[in-house]
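What's in structure-v2.csv: CSV, C-alpha atoms
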chain,number,residue,atom,x,y,z
A,25,GLU,CA,75.2,102.9,102.8
A,26,PRO,CA,77.9,102.6,105.4
A,27,VAL,CA,78.0,99.3,107.3
A,28,ALA,CA,76.7,99.8,110.9
A,29,GLY,CA,78.4,98.5,113.9
A,30,ILE,CA,82.0,98.2,112.8
A,31,PRO,CA,84.6,98.6,115.6
A,32,ASP,CA,85.4,102.0,116.9
A,33,VAL,CA,88.2,103.1,114.6
A,34,MET,CA,90.7,105.8,115.6
A,35,ALA,CA,91.4,107.9,112.6
A,36,ARG,CA,94.5,110.1,113.1
A,37,ASP,CA,97.8,110.6,111.3
A,38,GLU,CA,98.3,107.4,109.2
A,39,SER,CA,95.9,105.4,111.3
A,40,ALA,CA,92.3,104.4,110.5
A,41,LEU,CA,90.6,101.3,109.0
A,42,MET,CA,93.7,99.9,107.4
A,43,SER,CA,92.5,96.8,105.5
A,44,VAL,CA,89.3,95.0,104.7
A,45,VAL,CA,89.8,91.5,103.2
A,46,ALA,CA,87.3,88.8,102.5
A,47,HIS,CA,88.2,85.2,103.6
A,48,PRO,CA,89.4,83.1,100.7
A,49,ASP,CA,86.3,80.9,101.2
A,50,TYR,CA,84.0,83.9,101.7
A,51,ALA,CA,81.3,82.5,99.5
A,52,SER,CA,80.6,79.7,102.0
A,53,ASN,CA,81.6,81.2,105.4
A,54,GLY,CA,81.0,85.0,105.0
A,55,TRP,CA,84.0,86.1,107.0
A,56,ILE,CA,85.4,89.6,106.5
A,57,TYR,CA,88.6,90.6,108.2
A,58,LEU,CA,89.4,94.1,109.3
A,59,SER,CA,92.7,95.7,110.6
A,60,TYR,CA,92.2,99.0,112.3
A,61,THR,CA,93.7,101.4,114.8
A,62,ASP,CA,92.2,100.6,118.2
A,63,ARG,CA,92.1,103.4,120.7
A,64,CYS,CA,92.9,102.2,124.2
A,65,SER,CA,89.9,102.8,126.4
A,66,ASP,CA,91.8,101.6,129.5
A,67,CYS,CA,94.7,104.0,129.0
A,68,ASN,CA,92.9,107.2,130.0
A,69,ASP,CA,95.4,108.3,132.7
A,70,VAL,CA,98.3,108.1,130.3
A,71,SER,CA,96.4,109.6,127.5
A,72,LYS,CA,95.2,112.6,129.7
A,73,ARG,CA,98.8,113.4,130.6
A,74,SER,CA,100.1,113.3,127.1
A,75,LYS,CA,96.9,114.8,125.5
A,76,ARG,CA,97.1,112.0,122.8
A,77,PRO,CA,95.2,108.8,122.7
A,78,ALA,CA,97.1,105.5,123.1
A,79,SER,CA,96.5,103.2,120.2
A,80,MET,CA,97.5,99.9,118.5
A,81,LEU,CA,96.6,97.8,115.6
A,82,SER,CA,93.8,95.2,116.1
A,83,VAL,CA,92.6,92.5,113.7
A,84,VAL,CA,89.0,91.1,113.9
A,85,ARG,CA,86.7,89.2,111.7
A,86,GLY,CA,82.9,89.4,111.3
A,87,ARG,CA,80.1,89.1,108.9
A,88,ILE,CA,77.8,91.7,107.3
A,89,LYS,CA,74.1,90.9,107.5
A,90,ASN,CA,71.5,93.4,106.3
A,91,GLY,CA,74.0,96.2,106.3
A,92,GLU,CA,75.2,95.5,109.9
A,93,TRP,CA,78.6,94.2,111.2
A,94,MET,CA,77.8,91.0,113.1
A,95,ASP,CA,79.5,88.0,114.8
A,96,GLN,CA,82.7,89.9,115.5
A,97,GLN,CA,85.6,87.8,116.7
A,98,PRO,CA,89.1,89.0,117.7
A,99,ILE,CA,91.9,87.6,115.5
A,100,TRP,CA,94.9,89.4,117.0
A,101,ASN,CA,95.6,92.1,119.5
A,102,THR,CA,98.3,92.8,122.0
A,103,SER,CA,98.6,93.8,125.6
A,104,LEU,CA,97.9,97.3,126.6
A,105,ASP,CA,101.6,97.7,127.4
A,106,ASN,CA,102.2,97.8,123.6
A,107,TYR,CA,99.7,100.6,122.9
A,108,THR,CA,101.7,103.7,122.0
A,109,LEU,CA,101.2,107.4,122.6
A,110,SER,CA,103.3,108.3,119.6
A,111,PRO,CA,101.7,109.6,116.4
A,112,ASP,CA,100.6,106.6,114.3
A,113,LEU,CA,103.0,107.0,111.5
A,114,ALA,CA,104.2,103.9,109.6
A,115,ALA,CA,101.6,101.9,111.4
A,116,GLY,CA,101.4,99.1,108.8
A,117,GLY,CA,98.1,97.3,109.2
A,118,ARG,CA,97.8,95.4,105.9
A,119,LEU,CA,96.2,92.0,105.6
A,120,ALA,CA,96.8,89.2,103.1
A,121,PHE,CA,95.8,85.5,103.0
A,122,ASP,CA,98.0,82.8,101.5
A,123,ASN,CA,96.7,79.7,99.7
A,124,LYS,CA,96.7,77.6,102.9
A,125,GLY,CA,94.4,79.8,104.9
A,126,HIS,CA,97.0,81.7,106.9
A,127,LEU,CA,96.4,85.4,107.5
A,128,PHE,CA,99.4,87.7,107.4
A,129,PHE,CA,99.3,91.2,108.8
A,130,SER,CA,101.9,94.0,109.1
A,131,ILE,CA,102.7,96.3,112.0
A,132,GLY,CA,105.2,99.1,111.4
A,133,LEU,CA,107.2,101.0,113.9
A,134,LYS,CA,104.2,103.3,114.7
A,135,GLY,CA,106.1,106.6,114.6
A,136,THR,CA,108.4,105.8,117.5
A,137,SER,CA,111.9,107.2,117.3
A,138,GLU,CA,113.3,104.0,118.8
A,139,PHE,CA,114.1,101.5,116.0
A,140,ALA,CA,115.1,98.8,118.5
A,141,GLY,CA,111.5,97.5,118.6
A,142,ILE,CA,111.8,96.3,115.0
A,143,GLN,CA,114.5,93.8,116.0
A,144,ASP,CA,113.1,92.9,119.5
A,145,LEU,CA,111.1,89.6,119.2
A,146,THR,CA,109.2,90.4,122.4
A,147,LEU,CA,107.5,93.5,120.7
A,148,PRO,CA,105.0,93.5,117.8
A,149,TYR,CA,106.4,96.6,116.0
A,150,GLY,CA,108.2,96.3,112.7
A,151,LYS,CA,107.0,92.8,112.0
A,152,ILE,CA,104.9,90.8,109.6
A,153,HIS,CA,102.8,88.3,111.6
A,154,ARG,CA,101.1,85.1,110.5
A,155,VAL,CA,98.1,83.5,112.2
A,156,ASN,CA,95.5,80.9,111.1
A,157,ASP,CA,92.2,82.3,109.9
A,158,ASP,CA,90.7,81.9,113.4
A,159,GLY,CA,93.6,83.7,115.0
A,160,SER,CA,95.4,80.7,116.4
A,161,ILE,CA,99.1,80.4,115.8
A,162,PRO,CA,100.5,78.0,113.1
A,163,LYS,CA,102.8,75.4,114.7
A,164,ASP,CA,105.4,76.1,111.9
A,165,ASN,CA,105.8,79.8,112.5
A,166,PRO,CA,109.5,80.6,112.9
A,167,PHE,CA,109.4,81.7,116.5
A,168,VAL,CA,107.0,79.2,118.0
A,169,GLY,CA,108.7,77.8,121.1
A,170,VAL,CA,111.4,80.6,121.3
A,171,GLU,CA,111.4,81.9,124.8
A,172,GLY,CA,110.0,85.4,125.0
A,173,ALA,CA,109.3,85.8,121.3
A,174,LEU,CA,105.8,86.5,120.0
A,175,SER,CA,104.8,83.3,118.3
A,176,SER,CA,102.8,85.2,115.7
A,177,ILE,CA,106.0,86.7,114.1
A,178,TRP,CA,106.7,85.6,110.6
A,179,SER,CA,109.4,88.1,109.7
A,180,TYR,CA,111.0,91.1,111.5
A,181,GLY,CA,113.1,94.2,110.8
A,182,HIS,CA,110.5,96.1,108.9
A,183,ARG,CA,110.2,99.8,109.3
A,184,SER,CA,106.9,100.6,107.5
A,185,PRO,CA,105.3,97.6,105.8
A,186,GLN,CA,102.4,99.6,104.1
A,187,GLY,CA,101.8,97.0,101.4
A,188,LEU,CA,101.3,93.3,101.6
A,189,GLU,CA,100.2,90.8,98.9
A,190,PHE,CA,100.4,87.1,98.5
A,191,ASP,CA,101.2,85.7,95.0
A,192,SER,CA,99.2,82.5,94.8
A,193,LYS,CA,101.1,81.4,91.6
A,194,THR,CA,104.6,81.6,93.2
A,195,GLY,CA,103.6,81.0,96.8
A,196,GLN,CA,105.5,84.2,97.8
A,197,LEU,CA,104.5,86.9,100.2
A,198,TRP,CA,105.4,90.4,99.0
A,199,SER,CA,105.7,93.5,101.2
A,200,THR,CA,106.4,97.1,100.3
A,201,GLU,CA,107.7,99.6,102.7
A,202,MET,CA,108.3,103.3,103.0
A,203,GLY,CA,111.6,104.5,104.2
A,204,GLN,CA,113.0,107.7,105.7
A,205,ARG,CA,114.0,110.6,103.5
A,206,GLY,CA,117.3,112.4,103.6
Any chance you could put this one into structure tokens?
Amino acid sequence: EPVAGIPDVMARDESALMSVVAHPDYASNGWIYLSYTDRCSDCNDVSKRSKRPASMLSVVRGRIKNGEWMDQQPIWNTSLDNYTLSPDLAAGGRLAFDNKGHLFFSIGLKGTSEFAGIQDLTLPYGKIHRVNDDGSIPKDNPFVGVEGALSSIWSYGHRSPQGLEFDSKTGQLWSTEMGQRG
């Protein structure tokens, strides 16, 4: 049976429920992490003009009890200013834990034609982000304390990070991307 009560997921283009990952210590804490395309409920005026919903990646955690999603907590989201009206292509949304309890997640360029966002440290697009398992920011993230930069950024310059995996034997994070054709 489907799990009742999961967040309202926008399924369109390459957006949907992007990743479902159990916490490394799931057996004792029961946390499950979801990354999904969140439809902006507060962006109705903009959405009505464009006839497309505004959306962005969200990451939450929760537990499943008796077939229901419970105890939901936000792990990462961004300001409504970063929700886009563009088609959700190359959205990213993959989750991976390292062996120290950090959660990595990817955000692609989200179908925008402007590639500047993948280099701009004030924007979440085109990045792999790293947070602690509760959503707090690790103090040793590369851009902690850099004025204007999002402190969750781990790496940037990614177009479409659709795959993400941590190799616990080597301690390396691997990402795969799709690129443009032609």
Item to check | Close residues, range 143-159 of chain A itself excluded, 7 Å, all atoms listed in the file, min 2 positions apart in chain, as a ChimeraX atom specification | outcome: /A:99-100,125-133,140-141,161-162,172-174,176-184
Would you write out those residues with C-alpha atoms, as a PDB file, in the frame of the given file?
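What follows is the written file again.pdb:
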ATOM      1  CA  ILE A  99      91.900  87.600 115.500  1.00  0.00           C
ATOM      2  CA  TRP A 100      94.900  89.400 117.000  1.00  0.00           C
ATOM      3  CA  GLY A 125      94.400  79.800 104.900  1.00  0.00           C
ATOM      4  CA  HIS A 126      97.000  81.700 106.900  1.00  0.00           C
ATOM      5  CA  LEU A 127      96.400  85.400 107.500  1.00  0.00           C
ATOM      6  CA  PHE A 128      99.400  87.700 107.400  1.00  0.00           C
ATOM      7  CA  PHE A 129      99.300  91.200 108.800  1.00  0.00           C
ATOM      8  CA  SER A 130     101.900  94.000 109.100  1.00  0.00           C
ATOM      9  CA  ILE A 131     102.700  96.300 112.000  1.00  0.00           C
ATOM     10  CA  GLY A 132     105.200  99.100 111.400  1.00  0.00           C
ATOM     11  CA  LEU A 133     107.200 101.000 113.900  1.00  0.00           C
ATOM     12  CA  ALA A 140     115.100  98.800 118.500  1.00  0.00           C
ATOM     13  CA  GLY A 141     111.500  97.500 118.600  1.00  0.00           C
ATOM     14  CA  ILE A 161      99.100  80.400 115.800  1.00  0.00           C
ATOM     15  CA  PRO A 162     100.500  78.000 113.100  1.00  0.00           C
ATOM     16  CA  GLY A 172     110.000  85.400 125.000  1.00  0.00           C
ATOM     17  CA  ALA A 173     109.300  85.800 121.300  1.00  0.00           C
ATOM     18  CA  LEU A 174     105.800  86.500 120.000  1.00  0.00           C
ATOM     19  CA  SER A 176     102.800  85.200 115.700  1.00  0.00           C
ATOM     20  CA  ILE A 177     106.000  86.700 114.100  1.00  0.00           C
ATOM     21  CA  TRP A 178     106.700  85.600 110.600  1.00  0.00           C
ATOM     22  CA  SER A 179     109.400  88.100 109.700  1.00  0.00           C
ATOM     23  CA  TYR A 180     111.000  91.100 111.500  1.00  0.00           C
ATOM     24  CA  GLY A 181     113.100  94.200 110.800  1.00  0.00           C
ATOM     25  CA  HIS A 182     110.500  96.100 108.900  1.00  0.00           C
ATOM     26  CA  ARG A 183     110.200  99.800 109.300  1.00  0.00           C
ATOM     27  CA  SER A 184     106.900 100.600 107.500  1.00  0.00           C
TER      28      SER A 184
END
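Taking CA of Ser82 in chain A and CA of Ser52 in chain A as the two end points, the separation is 24.8 Å.
Between CA of Ala120 in chain A and CA of Gly195 in chain A there is a distance of 12.4 Å.
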Next on the checklist: Just checking: using all atoms listed in the file, which residue out of A:Glu171, A:Asp95, A:Pro31, A:Ser39 ends up closest to Asn53 in chain A?
Outcome noted: A:Asp95
Next on the checklist: Residues within 6 Å of Met42 in chain A, please, as a VMD selection string. Count only C-alpha atoms; anything in the same chain fewer than 3 positions from it doesn't count.
Outcome noted: chain A and resid 59 to 60 117
Item to check | Counting only C-alpha atoms, the option among A:Thr102, A:Gln96, A:Ser160, A:Asn165 closest to Ile30 in chain A | outcome: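 Residue with the minimum atom-to-atom distance to Ile30 in chain A: A:Gln96.
What separates CA of Ala35 in chain A from CA of Leu119 in chain A is a distance of 18.0 Å.
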Item to check | Nearest candidate to Lys134 in chain A (options A:Phe121, A:Gln97, A:Ala51, A:Gln186; using all atoms listed in the file) | outcome: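 Nearest to Lys134 in chain A: A:Gln186.
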Next on the checklist: Please list as a list in words every residue within 7 Å of Gly187 in chain A, counting only C-alpha atoms and excluding residues in the same chain fewer than 5 positions away.
Outcome noted: Arg118, Ser199, Thr200 and Glu201 of chain A
Reconstruct range 29-40 of chain A at the level of N, CA and C atoms, and format the result as a compact mmCIF listing (two decimals), in the coordinates of the input.
# COMPACT_ATOMS: atom_id res chain seq x y z
N GLY A 29 77.90 99.35 112.89
CA GLY A 29 78.40 98.50 113.90
C GLY A 29 79.84 98.00 113.79
N ILE A 30 80.62 98.57 112.83
CA ILE A 30 82.00 98.20 112.80
C ILE A 30 82.73 98.66 114.02
N PRO A 31 83.91 98.12 114.35
CA PRO A 31 84.60 98.60 115.60
C PRO A 31 84.87 100.07 115.53
N ASP A 32 85.03 100.64 116.72
CA ASP A 32 85.40 102.00 116.90
C ASP A 32 86.80 102.25 116.38
N VAL A 33 86.95 102.89 115.25
CA VAL A 33 88.20 103.10 114.60
C VAL A 33 88.79 104.44 114.93
N MET A 34 90.05 104.49 115.37
CA MET A 34 90.70 105.80 115.60
C MET A 34 91.33 106.24 114.29
N ALA A 35 90.89 107.37 113.78
CA ALA A 35 91.40 107.90 112.60
C ALA A 35 92.29 109.14 112.91
N ARG A 36 93.61 108.98 112.77
CA ARG A 36 94.50 110.10 113.10
C ARG A 36 95.86 109.74 112.43
N ASP A 37 96.56 110.76 111.96
CA ASP A 37 97.80 110.60 111.30
C ASP A 37 97.67 109.55 110.16
N GLU A 38 98.41 108.43 110.21
CA GLU A 38 98.30 107.40 109.20
C GLU A 38 97.51 106.18 109.72
N SER A 39 96.66 106.43 110.69
CA SER A 39 95.90 105.40 111.30
C SER A 39 94.41 105.51 110.93
N ALA A 40 93.75 104.39 110.82
CA ALA A 40 92.30 104.40 110.50
C ALA A 40 91.92 102.91 110.32
